[in-house]
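Notes follow once the structure below has been shown.
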Amino acid sequence: MSANNDAQTPDASNRLPKSWAPQDHEADLYQRWVEAGYFTADAASEKPAFSIVLPPPNVTGQLHMGHALDHALMDSMVRRKRMQGFEVLWLPGMDHAGIATQSKVEAMLKEREGKSRWDYSREEFIEHVWEWKREYGGTIGEQMRAIGDSVDWSRERFTLDEGLSRAVQTIFKQMFDQGLIYRDYRLINWSPVLETAVSDIEVVHKDVEGELVSIRYGSLSDDEPHVIVATTRVETMLGDVAVAVHPDDERYTDLVGTSLPHPFIEGRELKIIADDYVDPEFGTGAVKITPAHDPNDYAMGQRHDLDMPIVMDAKGRIADTGTEFDGMDRFEARVKIREALAEQGRIVKEVRPYMHSVGHSERSGEPIEPRLSLQWFVKVEKLAKMAGDAVREGDTTIHPASSEPRYFDWVDDMHDWTISRQLWWGHRIPIWYGPDGEVVCCGPDDEPPAGYEQDPDVLDTWFSSALWPFSTMGWPDKTPELEKFYPTSVLVTAYDILFFWVARMMMFGTFAGLQTPELLGEGTQGRPQIPFDDLFLHGLVRDEHGRKMSKSLGNGINPMDWVRDYGADALRFTLVRGANPGVDLPVGEDSAQSSRNFATKLFNATKFALMNGARTGMLPKREELSDADRWILDRLEQVRVQVDDYLDRYQFAKANELLFQFTWGEFCDWYLEIAKVQIPREGETTQGENTKIVLGNCLDAILRLLHPSMPFVTEVLWTALTDEESLVVASWPTAELTNGGATTDERAAKRMEDVQKLVTELRRFRSDQGVKPSQRVPARIDFAAADLAEQEALVRSLARVDAPEDGFESSASIEVRLSERPLEVALDTSGTVDKQAERKRLEKDLAAAQKEVETTGKKLGNENFLAKAPEAVVAKIRERAQVAHDEVERISARLKELA
């Protein structure tokens, strides 16, 4: 609880600006927090530890909305944990992003100097990349500061810094020595433009319109042995070595075991093989087999011990086939080969368009070529089992639990991982080759043998990222950070990264835990240590219509635009208020405006409270408080308990929605209005002084609860309210602060519920009757019968109804259903309404309501819209339709009364 500020005077509101303009405060506040060392973790602290490593964004990139959601959630967690008394480490850093960075630098050098990377030595080119990184690699860091990330900048890491390079070499050698890393020819994703292997995550599948070509192998006579196969990639037929049919397909029984000559390659025979993989009902039931250029064919080639000729070079050109097509680009060859087959009479039927899914390089945009290639691999079977067991045994808990099956599907059926890339930027593979074919793996402290040459490839970026939770804390050396903060407390990321990064961190983390238990600590019941206790998977940010944000749709939102236009708090609150575990989040400008309005509402409420002498301090005794004071304190405590429960279970949307509704609806719309009545305009009363303290303490707790999501505005308001150092290092609210630990006063709650019902109904009636908000009307109310005798002054002030005078005659009456009995209220509104003006106003409102009924009705009657729109969007429109329908009925009834 804050120190008692009894000396605080009503002019404390002067500590606040006239209005809330976040751009005037956020940068300075953030710099002050950093300089004060609030975000710097102390590994020697005796406080309990809480740690998060930031999923390292690409050094080439800028924060998009997905990043912003990620960061807002993590910052909410760590700010709360600091306030709860934990020693918090939120460790930031960036990924060197091998392919993306090298591509950017190559493009830059081509534009500036007209050169490719091959015009430089490897060392010269890498120095150009480091220069680019120093000049352009700080964008994300600046954006993180702009949105308020409370990371420990003193421990910022980069996946190619000296310490992480040491970690990479160490774990590579450990795995190599145990036979978990090997080199072999395997089928991989190949980018002809980048001339490197690429990972699955860097392959984007798109539906494209190709052509389906049916080829006749064997005799051109129907009476002699032949088969017909179909393909969308005619050029790969140069690598065909077999034709497969189903073992039970009687059409081909006599052909199985025989061979047919290849149309272009002299001496190559196409074996007719039988395999259960073939679907006899699809097409002709015969499938061409190109083991070196198709994943399914590769698997079949292994089963049947087939030759695997590679027919394309690194640039995607036909090579080493001995045919006229050598040297042609694969797409040019596709046309020329089809024409040559047609000349031979081997094209069956007309070539027809065919829509099919084709993998494209995310970085360079061209179709990926499956290609047999000599690469380095990680043998994942044992590692994946450990990663799966860690979740099955409860060492790591996935939130939401509904994501577990997808995780197990991945780790239980994982294929060996291609880790080599034919690039220059990255961790170079620590393998050296001797003059007579010797192979030596060197660790970070080993000296390569003289005369040996290092492998030219670098490691997949995901290899170093898989070590991130412990390499960033100093592993393989013994460090205070590892001892204090490892394993990390929680990993926060989107569900779509589950396979590519999370599973690999689990594999490498458990492996490293077995290798160096003295550094990473003991696991549970003899099992290897895990890199994080909890895994929180959030959804993807989509546009307000539920569509994926993309350049082609033009619906992307730059989070920095929202920071500029609405403030960082508005950006953050919009995202955390919609962040349900594992569920996608639609956002739009309306959401940001709502959050900005909420920040303004909070600012105005605090300013009002300070102008009216609100202060923090020891709460008065319960019996000295009014029903309204006890009610708001009890509600605040209920909200605090529920918010804590939600946040402990990563239910950010529910926690922040509850805070929004309570703060705006119950505190601002009701208690502040009540406080105006209870705090006298002149002089002092015990009631008024008590309300000032209740008002101050409520604001104190609300600002603390909102601080993790909205750090900037809450900091400004809280320091003005309490005159203390900073909300960043303040304590998290407890029952002692919110309601003094008292038992909920059910009687006061019931009375305040009745007050709200009564005032609401009176206001609604006044509005329906066209009474101006400022105009008071007499009303006869039996407060004693409703057990509201002590609330009479409050109700009459809030509802703007006076006690009746002698001779009072009611012109209308309403019945208000309170908690225990209905209450009849008689009012006299005669002479208070300009009927003609009121009729015009109502007719205008009726037209607007009828238009809304028509608009929503068209949408709800559109079957295409209902089928494609997200459920939340449809539900919102149904709600609008119902509200509009009710308005039409209400206004129509009122117009009838006026007539």
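Labeling convention for the structure tokens: chains A, B, ... as they appear, residues from 1 per chain, ligands from 1 in order of appearance.
The list of residues with at least one atom within 12 Å of Ile497 in chain A, based on only C-alpha atoms and without residues fewer than 5 positions apart in the same chain, reads Pro55, Gly66, Asp200, Ile201, Glu202, Ser403, Arg406, Tyr407, Trp410, Trp462, Leu491, Val492, Val502, Ala503, Arg504, Met505, Leu535, Phe536, Leu537, His538, Gly539, Leu540 and Gly582 of chain A.
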Taking the DSSP assignment computed from this structure's backbone, write out as JSON, numbers by chain all residues of range 29-259 of chain A that belong to strand (DSSP E). {"A": [49, 50, 51, 52, 53, 87, 88, 89, 90, 91, 93, 94, 157, 158, 181, 182, 183, 184, 185, 186, 187, 188, 189, 190, 191, 196, 197, 198, 203, 204, 205, 206, 207, 208, 209, 210, 211, 212, 213, 214, 215, 216, 217, 218, 226, 227, 228, 229, 230, 231, 242, 243, 244, 245, 259]}
So that I can check the surroundings of Leu758 in chain A, please list as number ranges by chain every protein, DNA and RNA residue that reaches within 8 Å of it, counting only C-alpha atoms and ignoring chain neighbours fewer than 5 positions away.
A: 795, 816, 818
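You will find CA of Trp501 in chain A at 27.4 Å from CA of Ala314 in chain A.
Among A:Ala785, A:Val587, A:Leu602, A:Ala568, the residue with the shortest atom-to-atom distance to Arg145 in chain A, counting only C-alpha atoms, is A:Ala568.
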Between A:Val203, A:Ile891, A:Ala197, A:Ile126, smallest distance to Arg841 in chain A by only C-alpha atoms belongs to A:Ile891
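Distances to Lys548 in chain A were evaluated for A:Pro586, A:Leu571, A:Tyr120, A:Met560 using only C-alpha atoms, and the minimum falls at A:Pro586.
Take the candidates A:Glu761, A:Asp787, A:Glu684, A:Asp305 and check each one against Asp627 in chain A using only C-alpha atoms; the shortest distance goes to A:Asp787.
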Contacts of range 368-373 of chain A at 7 Å (only C-alpha atoms; same-chain gap of 3+ positions) as a JSON list (two decimals) with C-alpha atoms, in the first residue's frame:
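Once everything was written out, this is selection16.json:
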```json
[["chain", "number", "residue", "atom", "x", "y", "z"],
["A", 185, "TYR", "CA", 22.74, -37.44, -49.63],
["A", 186, "ARG", "CA", 19.08, -36.76, -48.90],
["A", 187, "LEU", "CA", 16.19, -35.08, -50.64],
["A", 188, "ILE", "CA", 15.82, -31.48, -49.42],
["A", 189, "ASN", "CA", 14.09, -28.20, -50.34],
["A", 190, "TRP", "CA", 16.37, -26.37, -52.78],
["A", 191, "SER", "CA", 16.15, -22.72, -53.84],
["A", 292, "ALA", "CA", 16.25, -37.34, -56.87],
["A", 293, "HIS", "CA", 13.52, -34.70, -57.42],
["A", 294, "ASP", "CA", 10.36, -35.76, -55.58],
["A", 295, "PRO", "CA", 9.85, -36.60, -51.88],
["A", 310, "ILE", "CA", 20.35, -35.68, -60.23],
["A", 359, "GLY", "CA", 6.06, -24.86, -52.67],
["A", 360, "HIS", "CA", 7.71, -21.47, -53.18],
["A", 361, "SER", "CA", 10.72, -19.90, -51.51]]
```
Q. Could you pull the residues within 10 Å of range 720-722 of chain A, counting only C-alpha atoms, minus those fewer than 5 positions along the same chain, as a list in words?
A. Ser2, Ala3, Asn4, Asn5, Gln8, Ala12, Ser13, Asn14, Arg15, Leu16, Thr606, Lys607, Ala609, Leu610, Gly613, Ala614, Arg615, Thr616, Gly617, Gly696, Asn697, Leu699, Asp700, Leu703, Thr714, Glu715 and Leu727 of chain A
